[in-house]
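**Student:** You'll find upload.pdb just under this line, and it carries PDB, C-alpha atoms and all ligand atoms.
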ATOM      1  CA  MET L 175     226.718 -80.913  89.336
ATOM      2  CA  THR L 176     226.175 -80.668  93.086
ATOM      3  CA  HIS L 177     222.803 -78.973  93.465
ATOM      4  CA  ALA L 178     223.877 -76.623  96.285
ATOM      5  CA  LEU L 179     226.795 -75.269  94.260
ATOM      6  CA  ASN L 180     224.586 -74.494  91.299
ATOM      7  CA  TYR L 181     221.509 -73.120  93.071
ATOM      8  CA  GLY L 182     222.624 -72.000  96.555
ATOM      9  CA  THR L 183     220.483 -74.662  98.217
ATOM     10  CA  GLY L 184     222.212 -75.009 101.546
ATOM     11  CA  CYS L 185     222.186 -73.597 105.035
ATOM     12  CA  PHE L 186     225.043 -73.143 107.409
ATOM     13  CA  GLU L 187     226.328 -71.895 110.735
ATOM     14  CA  GLY L 188     229.450 -70.224 111.999
ATOM     15  CA  ILE L 189     230.553 -71.134 115.500
ATOM     16  CA  ARG L 190     233.513 -69.506 117.187
ATOM     17  CA  GLY L 191     235.987 -71.395 119.282
ATOM     18  CA  ASN L 192     237.931 -68.922 121.410
ATOM     19  CA  TRP L 193     241.380 -69.960 122.571
ATOM     20  CA  ASN L 194     242.239 -69.280 126.213
ATOM     21  CA  ALA L 195     246.033 -69.435 126.460
ATOM     22  CA  GLU L 196     246.124 -69.598 130.278
ATOM     23  CA  GLN L 197     243.649 -72.452 130.455
ATOM     24  CA  GLU L 198     245.025 -74.013 127.243
ATOM     25  CA  GLN L 199     241.446 -74.574 126.155
ATOM     26  CA  ILE L 200     239.153 -73.636 123.321
ATOM     27  CA  HIS L 201     235.749 -72.339 124.419
ATOM     28  CA  LEU L 202     233.009 -73.008 121.868
ATOM     29  CA  PHE L 203     230.569 -70.126 122.147
ATOM     30  CA  ARG L 204     226.858 -71.016 122.311
ATOM     31  CA  MET L 205     227.297 -74.100 120.141
ATOM     32  CA  ARG L 206     223.867 -75.517 121.041
ATOM     33  CA  ALA L 207     222.056 -72.353 119.966
ATOM     34  CA  HIS L 208     223.867 -72.494 116.611
ATOM     35  CA  TYR L 209     222.821 -76.088 115.992
ATOM     36  CA  GLU L 210     219.249 -75.308 117.015
ATOM     37  CA  ARG L 211     219.235 -72.500 114.438
ATOM     38  CA  LEU L 212     220.783 -74.824 111.816
ATOM     39  CA  LYS L 213     217.911 -77.241 112.367
ATOM     40  CA  GLN L 214     215.383 -74.413 111.887
ATOM     41  CA  SER L 215     217.125 -73.238 108.707
ATOM     42  CA  ALA L 216     217.178 -76.787 107.341
ATOM     43  CA  LYS L 217     213.476 -77.223 108.100
ATOM     44  CA  MET L 218     212.598 -74.185 105.970
ATOM     45  CA  LEU L 219     214.825 -75.396 103.113
ATOM     46  CA  ARG L 220     213.540 -78.991 103.232
ATOM     47  CA  ILE L 221     216.985 -80.299 104.123
ATOM     48  CA  GLU L 222     217.026 -83.327 106.386
ATOM     49  CA  ILE L 223     219.630 -83.410 109.146
ATOM     50  CA  THR L 224     219.497 -86.865 110.673
ATOM     51  CA  GLU L 225     221.713 -86.048 113.688
ATOM     52  CA  SER L 226     220.189 -84.556 116.827
ATOM     53  CA  VAL L 227     221.473 -81.282 118.284
ATOM     54  CA  ASP L 228     223.262 -83.299 120.990
ATOM     55  CA  GLU L 229     224.938 -85.498 118.379
ATOM     56  CA  LEU L 230     226.003 -82.462 116.333
ATOM     57  CA  CYS L 231     227.541 -80.929 119.469
ATOM     58  CA  ASP L 232     229.393 -84.169 120.269
ATOM     59  CA  ILE L 233     230.742 -84.444 116.704
ATOM     60  CA  THR L 234     231.921 -80.830 116.866
ATOM     61  CA  VAL L 235     233.718 -81.252 120.177
ATOM     62  CA  GLU L 236     235.512 -84.304 118.824
ATOM     63  CA  LEU L 237     236.377 -82.493 115.591
ATOM     64  CA  VAL L 238     237.840 -79.544 117.494
ATOM     65  CA  GLN L 239     239.798 -81.825 119.819
ATOM     66  CA  ARG L 240     241.187 -83.857 116.944
ATOM     67  CA  SER L 241     242.058 -80.742 114.904
ATOM     68  CA  GLY L 242     244.570 -79.818 117.627
ATOM     69  CA  PHE L 243     244.471 -76.062 116.995
ATOM     70  CA  HIS L 244     245.822 -73.837 119.765
ATOM     71  CA  THR L 245     244.326 -70.644 118.435
ATOM     72  CA  ASP L 246     240.961 -68.985 117.756
ATOM     73  CA  ILE L 247     238.958 -71.152 115.399
ATOM     74  CA  TYR L 248     235.796 -71.115 113.349
ATOM     75  CA  VAL L 249     233.544 -74.144 112.973
ATOM     76  CA  ARG L 250     231.432 -74.255 109.826
ATOM     77  CA  PRO L 251     228.556 -76.764 109.669
ATOM     78  CA  LEU L 252     226.926 -76.838 106.225
ATOM     79  CA  ALA L 253     223.774 -78.802 105.381
ATOM     80  CA  TYR L 254     223.036 -78.881 101.679
ATOM     81  CA  LYS L 255     221.361 -80.450  98.679
ATOM     82  CA  SER L 256     224.129 -82.803  97.641
ATOM     83  CA  GLN L 257     222.537 -84.588  94.726
ATOM     84  CA  GLU L 258     223.993 -84.160  91.244
ATOM     85  CA  PHE L 259     220.788 -82.986  89.670
ATOM     86  CA  ILE L 260     219.667 -80.358  87.174
ATOM     87  CA  GLY L 261     216.426 -78.664  88.208
ATOM     88  CA  VAL L 262     215.435 -75.837  90.535
ATOM     89  CA  GLN L 263     213.584 -77.358  93.477
ATOM     90  CA  LEU L 264     214.001 -78.454  97.076
ATOM     91  CA  HIS L 265     211.932 -81.631  97.083
ATOM     92  CA  ASN L 266     213.067 -85.171  96.257
ATOM     93  CA  LEU L 267     216.780 -84.423  96.510
ATOM     94  CA  GLU L 268     219.514 -86.034  98.605
ATOM     95  CA  ASP L 269     220.951 -83.993 101.466
ATOM     96  CA  ASP L 270     224.303 -84.057 103.155
ATOM     97  CA  LEU L 271     226.087 -82.417 106.056
ATOM     98  CA  THR L 272     229.694 -81.354 106.382
ATOM     99  CA  ILE L 273     231.456 -79.692 109.302
ATOM    100  CA  PHE L 274     234.922 -78.198 109.052
ATOM    101  CA  VAL L 275     237.119 -76.237 111.405
ATOM    102  CA  ALA L 276     239.725 -73.613 110.514
ATOM    103  CA  PRO L 277     241.898 -71.104 112.384
ATOM    104  CA  PHE L 278     240.132 -67.742 112.343
ATOM    105  CA  GLY L 279     241.222 -64.423 113.843
ATOM    106  CA  ALA L 280     239.559 -61.006 113.832
ATOM    107  CA  TYR L 281     237.026 -60.332 111.076
ATOM    108  CA  LEU L 282     236.577 -56.604 111.705
ATOM    109  CA  ASN L 283     239.003 -54.361 113.585
ATOM    110  CA  ALA L 284     237.000 -53.819 116.766
ATOM    111  CA  GLU L 285     239.617 -51.715 118.574
ATOM    112  CA  ALA L 286     239.997 -49.297 115.649
ATOM    113  CA  GLY L 287     236.226 -49.149 115.107
ATOM    114  CA  VAL L 288     234.351 -49.906 111.900
ATOM    115  CA  ARG L 289     233.609 -47.401 109.140
ATOM    116  CA  CYS L 290     230.365 -48.245 107.364
ATOM    117  CA  CYS L 291     228.367 -47.049 104.412
ATOM    118  CA  ILE L 292     224.715 -47.506 103.596
ATOM    119  CA  SER L 293     224.681 -50.010 100.796
ATOM    120  CA  SER L 294     222.977 -49.217  97.525
ATOM    121  CA  TRP L 295     221.758 -52.838  97.719
ATOM    122  CA  GLN L 296     218.691 -53.600  99.839
ATOM    123  CA  ARG L 297     218.521 -56.563 102.203
ATOM    124  CA  VAL L 298     216.794 -59.624 100.742
ATOM    125  CA  PRO L 299     213.253 -59.390 102.128
ATOM    126  CA  ASP L 300     211.671 -62.176 104.140
ATOM    127  CA  VAL L 301     208.985 -62.412 101.440
ATOM    128  CA  ALA L 302     211.714 -63.523  98.958
ATOM    129  CA  ILE L 303     213.935 -65.832 101.048
ATOM    130  CA  PRO L 304     213.119 -66.600 104.702
ATOM    131  CA  SER L 305     215.176 -64.212 106.826
ATOM    132  CA  LEU L 306     215.409 -66.629 109.690
ATOM    133  CA  ALA L 307     217.067 -69.270 107.513
ATOM    134  CA  LYS L 308     220.837 -68.851 107.320
ATOM    135  CA  ALA L 309     220.745 -69.924 103.678
ATOM    136  CA  THR L 310     223.887 -70.063 101.523
ATOM    137  CA  GLY L 311     222.204 -68.535  98.443
ATOM    138  CA  LYS L 312     221.178 -65.436 100.377
ATOM    139  CA  TYR L 313     224.828 -64.596 101.012
ATOM    140  CA  LEU L 314     225.175 -63.352  97.445
ATOM    141  CA  ASN L 315     223.232 -60.329  98.689
ATOM    142  CA  SER L 316     225.754 -59.891 101.536
ATOM    143  CA  ALA L 317     228.763 -60.411  99.269
ATOM    144  CA  ILE L 318     227.607 -57.801  96.750
ATOM    145  CA  ALA L 319     227.030 -55.281  99.538
ATOM    146  CA  LYS L 320     230.369 -56.037 101.237
ATOM    147  CA  SER L 321     232.404 -55.673  98.062
ATOM    148  CA  GLU L 322     230.626 -52.471  97.116
ATOM    149  CA  ALA L 323     231.537 -51.078 100.557
ATOM    150  CA  TRP L 324     235.147 -52.189 100.160
ATOM    151  CA  GLU L 325     235.429 -50.699  96.678
ATOM    152  CA  ARG L 326     234.128 -47.395  98.064
ATOM    153  CA  GLY L 327     236.740 -47.416 100.843
ATOM    154  CA  TYR L 328     234.603 -48.561 103.778
ATOM    155  CA  ASP L 329     235.014 -51.527 106.119
ATOM    156  CA  GLU L 330     231.444 -52.776 106.094
ATOM    157  CA  ALA L 331     228.026 -52.283 104.511
ATOM    158  CA  ILE L 332     224.747 -51.579 106.268
ATOM    159  CA  MET L 333     221.742 -52.685 104.262
ATOM    160  CA  LEU L 334     218.269 -51.161 104.432
ATOM    161  CA  THR L 335     214.904 -52.858 104.041
ATOM    162  CA  LYS L 336     212.628 -52.046 101.115
ATOM    163  CA  ASN L 337     210.939 -49.543 103.478
ATOM    164  CA  GLY L 338     214.232 -47.706 103.929
ATOM    165  CA  THR L 339     214.730 -48.710 107.564
ATOM    166  CA  VAL L 340     217.960 -50.225 108.878
ATOM    167  CA  SER L 341     218.193 -53.986 108.484
ATOM    168  CA  GLU L 342     221.687 -55.356 109.141
ATOM    169  CA  GLY L 343     225.303 -55.541 108.043
ATOM    170  CA  SER L 344     226.541 -58.031 105.458
ATOM    171  CA  GLY L 345     227.216 -60.499 108.279
ATOM    172  CA  GLU L 346     226.234 -58.655 111.452
ATOM    173  CA  ASN L 347     223.279 -57.310 113.406
ATOM    174  CA  ILE L 348     223.238 -53.632 114.342
ATOM    175  CA  PHE L 349     222.575 -51.785 117.580
ATOM    176  CA  ILE L 350     222.422 -48.096 118.346
ATOM    177  CA  VAL L 351     222.579 -46.396 121.741
ATOM    178  CA  THR L 352     220.126 -43.555 122.099
ATOM    179  CA  GLY L 353     218.991 -41.905 125.326
ATOM    180  CA  GLY L 354     221.152 -44.415 127.188
ATOM    181  CA  ARG L 355     219.079 -47.356 125.883
ATOM    182  CA  LEU L 356     219.886 -49.925 123.234
ATOM    183  CA  VAL L 357     217.814 -50.126 120.085
ATOM    184  CA  THR L 358     218.077 -52.855 117.454
ATOM    185  CA  PRO L 359     215.899 -53.738 114.446
ATOM    186  CA  ASP L 360     213.097 -56.157 115.291
ATOM    187  CA  PRO L 361     212.793 -59.534 113.526
ATOM    188  CA  ALA L 362     210.357 -58.101 110.945
ATOM    189  CA  GLU L 363     213.215 -55.973 109.534
ATOM    190  CA  ASP L 364     214.530 -58.848 107.342
ATOM    191  CA  ILE L 365     217.316 -59.685 109.790
ATOM    192  CA  LEU L 366     218.911 -62.932 110.785
ATOM    193  CA  ILE L 367     218.228 -63.140 114.519
ATOM    194  CA  GLY L 368     221.814 -63.314 115.664
ATOM    195  CA  ILE L 369     222.957 -65.433 118.550
ATOM    196  CA  THR L 370     225.448 -62.706 119.431
ATOM    197  CA  ARG L 371     222.605 -60.152 119.214
ATOM    198  CA  ASN L 372     220.528 -62.130 121.692
ATOM    199  CA  THR L 373     223.531 -62.580 123.974
ATOM    200  CA  VAL L 374     224.199 -58.825 123.999
ATOM    201  CA  ILE L 375     220.538 -58.002 124.718
ATOM    202  CA  GLU L 376     220.662 -60.376 127.705
ATOM    203  CA  LEU L 377     224.038 -59.147 128.968
ATOM    204  CA  ALA L 378     222.988 -55.503 128.721
ATOM    205  CA  ARG L 379     219.882 -56.210 130.786
ATOM    206  CA  THR L 380     221.279 -58.563 133.401
ATOM    207  CA  GLU L 381     224.797 -57.187 133.864
ATOM    208  CA  LEU L 382     224.437 -53.473 133.055
ATOM    209  CA  GLY L 383     220.727 -52.848 133.719
ATOM    210  CA  ILE L 384     220.263 -51.488 130.178
ATOM    211  CA  GLU L 385     217.095 -52.457 128.309
ATOM    212  CA  THR L 386     216.920 -53.013 124.553
ATOM    213  CA  THR L 387     214.052 -51.888 122.360
ATOM    214  CA  GLU L 388     213.468 -53.899 119.197
ATOM    215  CA  ARG L 389     211.870 -51.619 116.604
ATOM    216  CA  PRO L 390     212.391 -50.229 113.090
ATOM    217  CA  ILE L 391     215.328 -47.797 112.931
ATOM    218  CA  PRO L 392     215.121 -45.018 110.329
ATOM    219  CA  ARG L 393     218.358 -44.461 108.398
ATOM    220  CA  SER L 394     218.812 -40.952 109.825
ATOM    221  CA  GLU L 395     218.919 -42.321 113.365
ATOM    222  CA  LEU L 396     222.281 -43.901 112.538
ATOM    223  CA  TYR L 397     223.710 -40.401 112.107
ATOM    224  CA  THR L 398     222.200 -39.003 115.307
ATOM    225  CA  ALA L 399     222.808 -42.028 117.575
ATOM    226  CA  GLU L 400     225.113 -41.624 120.576
ATOM    227  CA  GLU L 401     226.779 -44.930 119.767
ATOM    228  CA  CYS L 402     226.471 -47.752 117.286
ATOM    229  CA  PHE L 403     227.918 -51.257 117.143
ATOM    230  CA  MET L 404     227.642 -54.483 115.201
ATOM    231  CA  THR L 405     227.359 -58.018 116.538
ATOM    232  CA  GLY L 406     228.020 -61.362 114.929
ATOM    233  CA  THR L 407     229.922 -64.582 115.369
ATOM    234  CA  ALA L 408     232.684 -63.437 113.007
ATOM    235  CA  ALA L 409     232.560 -59.737 113.948
ATOM    236  CA  HIS L 410     232.147 -60.315 117.713
ATOM    237  CA  LEU L 411     231.040 -56.938 119.135
ATOM    238  CA  SER L 412     232.530 -54.224 116.927
ATOM    239  CA  PRO L 413     231.951 -50.486 117.390
ATOM    240  CA  VAL L 414     230.784 -48.498 114.361
ATOM    241  CA  ILE L 415     232.546 -45.129 114.491
ATOM    242  CA  GLU L 416     231.404 -43.689 111.168
ATOM    243  CA  VAL L 417     228.431 -44.092 108.836
ATOM    244  CA  ASP L 418     228.726 -42.516 105.368
ATOM    245  CA  ARG L 419     231.734 -40.467 106.577
ATOM    246  CA  THR L 420     229.591 -39.005 109.374
ATOM    247  CA  PRO L 421     231.050 -39.720 112.830
ATOM    248  CA  VAL L 422     228.759 -41.649 115.167
ATOM    249  CA  GLY L 423     228.692 -39.632 118.424
ATOM    250  CA  ASN L 424     232.168 -38.159 118.711
ATOM    251  CA  GLY L 425     233.671 -40.784 116.404
ATOM    252  CA  GLN L 426     235.203 -42.724 119.324
ATOM    253  CA  ILE L 427     234.150 -45.973 120.971
ATOM    254  CA  GLY L 428     231.308 -44.929 123.303
ATOM    255  CA  PRO L 429     231.005 -45.837 127.008
ATOM    256  CA  VAL L 430     228.107 -48.292 126.691
ATOM    257  CA  THR L 431     229.780 -50.074 123.759
ATOM    258  CA  ARG L 432     233.050 -50.243 125.710
ATOM    259  CA  LYS L 433     231.374 -51.781 128.773
ATOM    260  CA  LEU L 434     229.611 -54.378 126.641
ATOM    261  CA  MET L 435     232.818 -55.179 124.744
ATOM    262  CA  ASP L 436     234.783 -55.667 127.975
ATOM    263  CA  LEU L 437     232.149 -58.038 129.296
ATOM    264  CA  TYR L 438     231.624 -59.914 126.039
ATOM    265  CA  TYR L 439     235.300 -60.555 125.276
ATOM    266  CA  GLU L 440     235.901 -61.912 128.780
ATOM    267  CA  ILE L 441     232.883 -64.216 128.541
ATOM    268  CA  ILE L 442     233.686 -65.729 125.151
ATOM    269  CA  ARG L 443     237.190 -66.682 126.307
ATOM    270  CA  GLY L 444     235.806 -68.354 129.388
ATOM    271  CA  ASN L 445     237.291 -65.852 131.851
ATOM    272  CA  ILE L 446     233.887 -64.968 133.326
ATOM    273  CA  ALA L 447     230.992 -67.369 133.688
ATOM    274  CA  ILE L 448     227.489 -65.895 133.649
ATOM    275  CA  GLN L 449     224.502 -67.980 134.749
TER
HETATM  276  C1  LIG L 501     223.440 -61.627 107.713
HETATM  277  C2  LIG L 501     223.833 -61.881 109.122
HETATM  278  N1  LIG L 501     223.196 -61.230 110.105
HETATM  279  C3  LIG L 501     223.519 -61.417 111.397
HETATM  280  C4  LIG L 501     224.529 -62.283 111.763
HETATM  281  C5  LIG L 501     224.872 -62.479 113.211
HETATM  282  O1  LIG L 501     224.454 -63.731 113.649
HETATM  283  P1  LIG L 501     225.241 -64.501 114.814
HETATM  284  O2  LIG L 501     225.409 -63.535 115.921
HETATM  285  O3  LIG L 501     224.328 -65.618 115.168
HETATM  286  O4  LIG L 501     226.531 -64.940 114.240
HETATM  287  C6  LIG L 501     225.232 -62.979 110.772
HETATM  288  C7  LIG L 501     226.326 -63.889 111.110
HETATM  289  O5  LIG L 501     226.196 -65.036 111.291
HETATM  290  C8  LIG L 501     224.868 -62.786 109.418
HETATM  291  O6  LIG L 501     225.511 -63.432 108.442
END
Could you spell out this file's structure in structure tokens?
**Tutor:**
Amino acid sequence: MTHALNYGTGCFEGIRGNWNAEQEQIHLFRMRAHYERLKQSAKMLRIEITESVDELCDITVELVQRSGFHTDIYVRPLAYKSQEFIGVQLHNLEDDLTIFVAPFGAYLNAEAGVRCCISSWQRVPDVAIPSLAKATGKYLNSAIAKSEAWERGYDEAIMLTKNGTVSEGSGENIFIVTGGRLVTPDPAEDILIGITRNTVIELARTELGIETTERPIPRSELYTAEECFMTGTAAHLSPVIEVDRTPVGNGQIGPVTRKLMDLYYEIIRGNIAIQ
């Protein structure tokens, strides 16, 4: 009878812990930012999280230490309506929080590149479920799109907004490279504002001197872009080499994507520290 299981009334995060074999350490990537976003999601869903961001970080560090994994891991905090109650609402219900950790390797094959299709399913609009809340129920939209892509022989789905512009992947933000600049859908495009997305925007600017424009991206621009890639906690930074069987650029991993990948993968394993 748990409310969240019946009605999708929860919000969650995914946090990567990246194993560094030389240092024999797991590096938790941007844990604070994830817990800050969890708090924002919970606020919109009327879920009370009694722990502070600092406390949530401390609990997570202890959990990861006690789990004893010597591999890449995924931490999943989930705040949800835990009451056994029949009735569709958010108010006057008990809440709970669980955090688990599990070994977790590659989600998409970044080195091979990702082959995407445009989903026949549109992204849930912000006027239906708040885009900025990482809400469990909204992932039905992602799951339908992902399985449709898989059944059609693709690796991943790209969903459009109701206006026909590019929104995001089933679990990733999208970037294109055009005229040597990065372009990514702005927050009004029904996207989750990814922590990886924000990291890549910052890295591109500070480390490579490449600016990012946040604006609506028409579908056709995916086919004419020089490069395209996806970002996300699970997906890391994964090049998109094909959209709807049309090669992006020359169908290989492009130079800007490669530079960003090299930088990003070193940072998340704790081999390079950036201020
Ligand atoms: C729908 C969706 N968009 C974007 C992202 C990327 O967000 P982040 O980089 O914070 O993991 C995710 C993954 O969490 C997602 O599920």
**Student:** May I ask which of the residues L:Leu334, L:Leu314, L:Val235, L:Leu366 is the closest one to ligand LIG 501 (chain L), counting only C-alpha atoms and all ligand atoms?
**Tutor:** L:Leu366
**Student:** Any idea what the distance is between atom N1 of ligand LIG 501 (chain L) and atom CA of Asn347 of chain L?
**Tutor:**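 Separation between atom N1 of ligand LIG 501 (chain L) and atom CA of Asn347 of chain L: 5.1 Å.
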**Student:** Give as number ranges by chain the residues surrounding ligand LIG 501 (chain L) up to a distance of 8 Å, considering only C-alpha atoms and all ligand atoms.
**Tutor:** L: 187-189, 208, 308, 313, 316, 342-347, 365-372, 405-410
**Student:** Could you list the residues chosen by the PyMOL selection byres (((chain L and resi 287-297) around 10) and not hetatm) in this structure as number ranges by chain?
**Tutor:** L: 282-286, 298-300, 305, 312, 315-316, 318-324, 326-344, 363-365, 393, 396, 402-404, 412-422, 425-427
**Student:** I need the residues from that last selection saved to file as a short mmCIF file (atom, residue, chain, number, x, y, z; two decimals), in the frame of the given file (with C-alpha atoms), if you can.
**Tutor:**
data_model
loop_
_atom_site.label_atom_id
_atom_site.label_comp_id
_atom_site.auth_asym_id
_atom_site.auth_seq_id
_atom_site.Cartn_x
_atom_site.Cartn_y
_atom_site.Cartn_z
CA LEU L 282 236.58 -56.60 111.70
CA ASN L 283 239.00 -54.36 113.58
CA ALA L 284 237.00 -53.82 116.77
CA GLU L 285 239.62 -51.72 118.57
CA ALA L 286 240.00 -49.30 115.65
CA VAL L 298 216.79 -59.62 100.74
CA PRO L 299 213.25 -59.39 102.13
CA ASP L 300 211.67 -62.18 104.14
CA SER L 305 215.18 -64.21 106.83
CA LYS L 312 221.18 -65.44 100.38
CA ASN L 315 223.23 -60.33 98.69
CA SER L 316 225.75 -59.89 101.54
CA ILE L 318 227.61 -57.80 96.75
CA ALA L 319 227.03 -55.28 99.54
CA LYS L 320 230.37 -56.04 101.24
CA SER L 321 232.40 -55.67 98.06
CA GLU L 322 230.63 -52.47 97.12
CA ALA L 323 231.54 -51.08 100.56
CA TRP L 324 235.15 -52.19 100.16
CA ARG L 326 234.13 -47.40 98.06
CA GLY L 327 236.74 -47.42 100.84
CA TYR L 328 234.60 -48.56 103.78
CA ASP L 329 235.01 -51.53 106.12
CA GLU L 330 231.44 -52.78 106.09
CA ALA L 331 228.03 -52.28 104.51
CA ILE L 332 224.75 -51.58 106.27
CA MET L 333 221.74 -52.68 104.26
CA LEU L 334 218.27 -51.16 104.43
CA THR L 335 214.90 -52.86 104.04
CA LYS L 336 212.63 -52.05 101.12
CA ASN L 337 210.94 -49.54 103.48
CA GLY L 338 214.23 -47.71 103.93
CA THR L 339 214.73 -48.71 107.56
CA VAL L 340 217.96 -50.22 108.88
CA SER L 341 218.19 -53.99 108.48
CA GLU L 342 221.69 -55.36 109.14
CA GLY L 343 225.30 -55.54 108.04
CA SER L 344 226.54 -58.03 105.46
CA GLU L 363 213.22 -55.97 109.53
CA ASP L 364 214.53 -58.85 107.34
CA ILE L 365 217.32 -59.68 109.79
CA ARG L 393 218.36 -44.46 108.40
CA LEU L 396 222.28 -43.90 112.54
CA CYS L 402 226.47 -47.75 117.29
CA PHE L 403 227.92 -51.26 117.14
CA MET L 404 227.64 -54.48 115.20
CA SER L 412 232.53 -54.22 116.93
CA PRO L 413 231.95 -50.49 117.39
CA VAL L 414 230.78 -48.50 114.36
CA ILE L 415 232.55 -45.13 114.49
CA GLU L 416 231.40 -43.69 111.17
CA VAL L 417 228.43 -44.09 108.84
CA ASP L 418 228.73 -42.52 105.37
CA ARG L 419 231.73 -40.47 106.58
CA THR L 420 229.59 -39.01 109.37
CA PRO L 421 231.05 -39.72 112.83
CA VAL L 422 228.76 -41.65 115.17
CA GLY L 425 233.67 -40.78 116.40
CA GLN L 426 235.20 -42.72 119.32
CA ILE L 427 234.15 -45.97 120.97
#
**Student:** Which residues fall under the PyMOL selection byres (((chain L and resi 377) around 12) and not hetatm) in this file, as a VMD selection string?
**Tutor:** chain L and resid 356 370 to 376 378 to 386 430 to 431 433 to 439 441 447 to 449
**Student:** Within 10 Å of Ser226 of chain L, counting only C-alpha atoms, which residues show up once you throw out same-chain ones fewer than 4 positions away? Write them as a VMD selection string, please.
**Tutor:** chain L and resid 209 to 210 213 230 to 232
**Student:** Quick one, how far is atom CA of Leu219 of chain L from atom CA of Gly182 of chain L?
**Tutor:**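 So the two atoms, atom CA of Leu219 of chain L and atom CA of Gly182 of chain L, lie 10.7 Å apart.
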**Student:** Please measure the separation of atom CA of His244 of chain L and atom CA of Asn194 of chain L, giving the value in Å to one decimal.
**Tutor:**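 Distance between the two atoms: 8.7 Å.
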**Student:** Select, from L:Asn445, L:Gln257, L:Gln263, L:Thr352, the residue with the minimum atom-to-atom distance to Ala399 of chain L, counting only C-alpha atoms.
**Tutor:**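 Of all the options, L:Thr352 lies closest to Ala399 of chain L.
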**Student:** Which residues, named as in the file, does the PyMOL selection byres (((chain L and resi 272-281) around 8) and not hetatm) pick out? Answer as a list in words.
**Tutor:**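 Taken over the shown coordinates, the PyMOL selection byres (((chain L and resi 272-281) around 8) and not hetatm) returns Thr234, Leu237, Val238, Ser241, Phe243, Thr245, Asp246, Ile247, Tyr248, Val249, Arg250, Pro251, Leu252, Ala253, Asp270, Leu271, Leu282, Asn283, Ala408 and Ala409 of chain L.
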**Student:** Residues near Thr176 of chain L, anyone? I mean within 12 Å using only C-alpha atoms, not counting same-chain ones fewer than 6 positions away, as a list in words.
**Tutor:** Gly182, Thr183, Gly184, Tyr254, Lys255, Ser256, Gln257, Glu258, Phe259, Ile260, Gly261, Leu267, Glu268, Asp269 and Asp270 of chain L
**Student:** Got a sec: who's within 8 Å of Gly353 of chain L, counting all atoms listed in the file, leaving out chain neighbours fewer than 2 positions off, as a ChimeraX atom specification?
**Tutor:** /L:351,355,400
**Student:** I'd like to know which of L:Glu401, L:Asp360, L:His201, L:Ile303 is closest to Gly423 of chain L, using all atoms listed in the file.
**Tutor:** L:Glu401
**Student:** If you count only C-alpha atoms, which residues fall within 7 Å of Thr358 of chain L, apart from same-chain ones fewer than 3 positions away, as a list in words?
**Tutor:**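 Result of the neighbour search: Ile348, Phe349, Ile350, Thr387, Glu388 and Arg389 of chain L.
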**Student:** Would you mind telling me which residue in L:Arg190, L:Ala307, L:Ser215, L:Ala317 lies nearest to Phe203 of chain L when using only C-alpha atoms?
**Tutor:**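 Using only C-alpha atoms, Phe203 of chain L sits closest to L:Arg190.
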**Student:** Keeping just N, CA and C atoms, export segment 284-295 of chain L of this structure as a PDB file, in the first residue's frame.
**Tutor:**
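For reference, out29.pdb as written:
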ATOM      1  N   ALA L 284      30.320   4.905 -24.129  1.00  0.00           N
ATOM      2  CA  ALA L 284      30.829   6.214 -24.561  1.00  0.00           C
ATOM      3  C   ALA L 284      31.893   6.072 -25.645  1.00  0.00           C
ATOM      4  N   GLU L 285      32.758   5.084 -25.551  1.00  0.00           N
ATOM      5  CA  GLU L 285      33.841   4.958 -26.533  1.00  0.00           C
ATOM      6  C   GLU L 285      33.307   4.573 -27.911  1.00  0.00           C
ATOM      7  N   ALA L 286      32.257   3.743 -27.937  1.00  0.00           N
ATOM      8  CA  ALA L 286      31.672   3.346 -29.224  1.00  0.00           C
ATOM      9  C   ALA L 286      30.798   4.468 -29.792  1.00  0.00           C
ATOM     10  N   GLY L 287      30.293   5.335 -28.924  1.00  0.00           N
ATOM     11  CA  GLY L 287      29.351   6.369 -29.352  1.00  0.00           C
ATOM     12  C   GLY L 287      27.928   5.834 -29.267  1.00  0.00           C
ATOM     13  N   VAL L 288      26.989   6.750 -29.116  1.00  0.00           N
ATOM     14  CA  VAL L 288      25.591   6.379 -28.867  1.00  0.00           C
ATOM     15  C   VAL L 288      24.757   6.650 -30.116  1.00  0.00           C
ATOM     16  N   ARG L 289      23.897   5.684 -30.441  1.00  0.00           N
ATOM     17  CA  ARG L 289      23.016   5.831 -31.608  1.00  0.00           C
ATOM     18  C   ARG L 289      21.598   6.106 -31.088  1.00  0.00           C
ATOM     19  N   CYS L 290      21.093   7.273 -31.438  1.00  0.00           N
ATOM     20  CA  CYS L 290      19.814   7.728 -30.875  1.00  0.00           C
ATOM     21  C   CYS L 290      18.724   7.798 -31.928  1.00  0.00           C
ATOM     22  N   CYS L 291      17.493   7.768 -31.450  1.00  0.00           N
ATOM     23  CA  CYS L 291      16.357   8.093 -32.308  1.00  0.00           C
ATOM     24  C   CYS L 291      15.571   9.215 -31.641  1.00  0.00           C
ATOM     25  N   ILE L 292      14.776   9.897 -32.437  1.00  0.00           N
ATOM     26  CA  ILE L 292      13.813  10.839 -31.861  1.00  0.00           C
ATOM     27  C   ILE L 292      12.625  10.007 -31.424  1.00  0.00           C
ATOM     28  N   SER L 293      12.275  10.135 -30.179  1.00  0.00           N
ATOM     29  CA  SER L 293      11.187   9.340 -29.633  1.00  0.00           C
ATOM     30  C   SER L 293       9.841   9.806 -30.190  1.00  0.00           C
ATOM     31  N   SER L 294       8.937   8.868 -30.323  1.00  0.00           N
ATOM     32  CA  SER L 294       7.569   9.267 -30.701  1.00  0.00           C
ATOM     33  C   SER L 294       6.835   9.820 -29.471  1.00  0.00           C
ATOM     34  N   TRP L 295       7.462   9.672 -28.298  1.00  0.00           N
ATOM     35  CA  TRP L 295       6.870  10.194 -27.056  1.00  0.00           C
ATOM     36  C   TRP L 295       7.481  11.547 -26.727  1.00  0.00           C
TER      37      TRP L 295
END
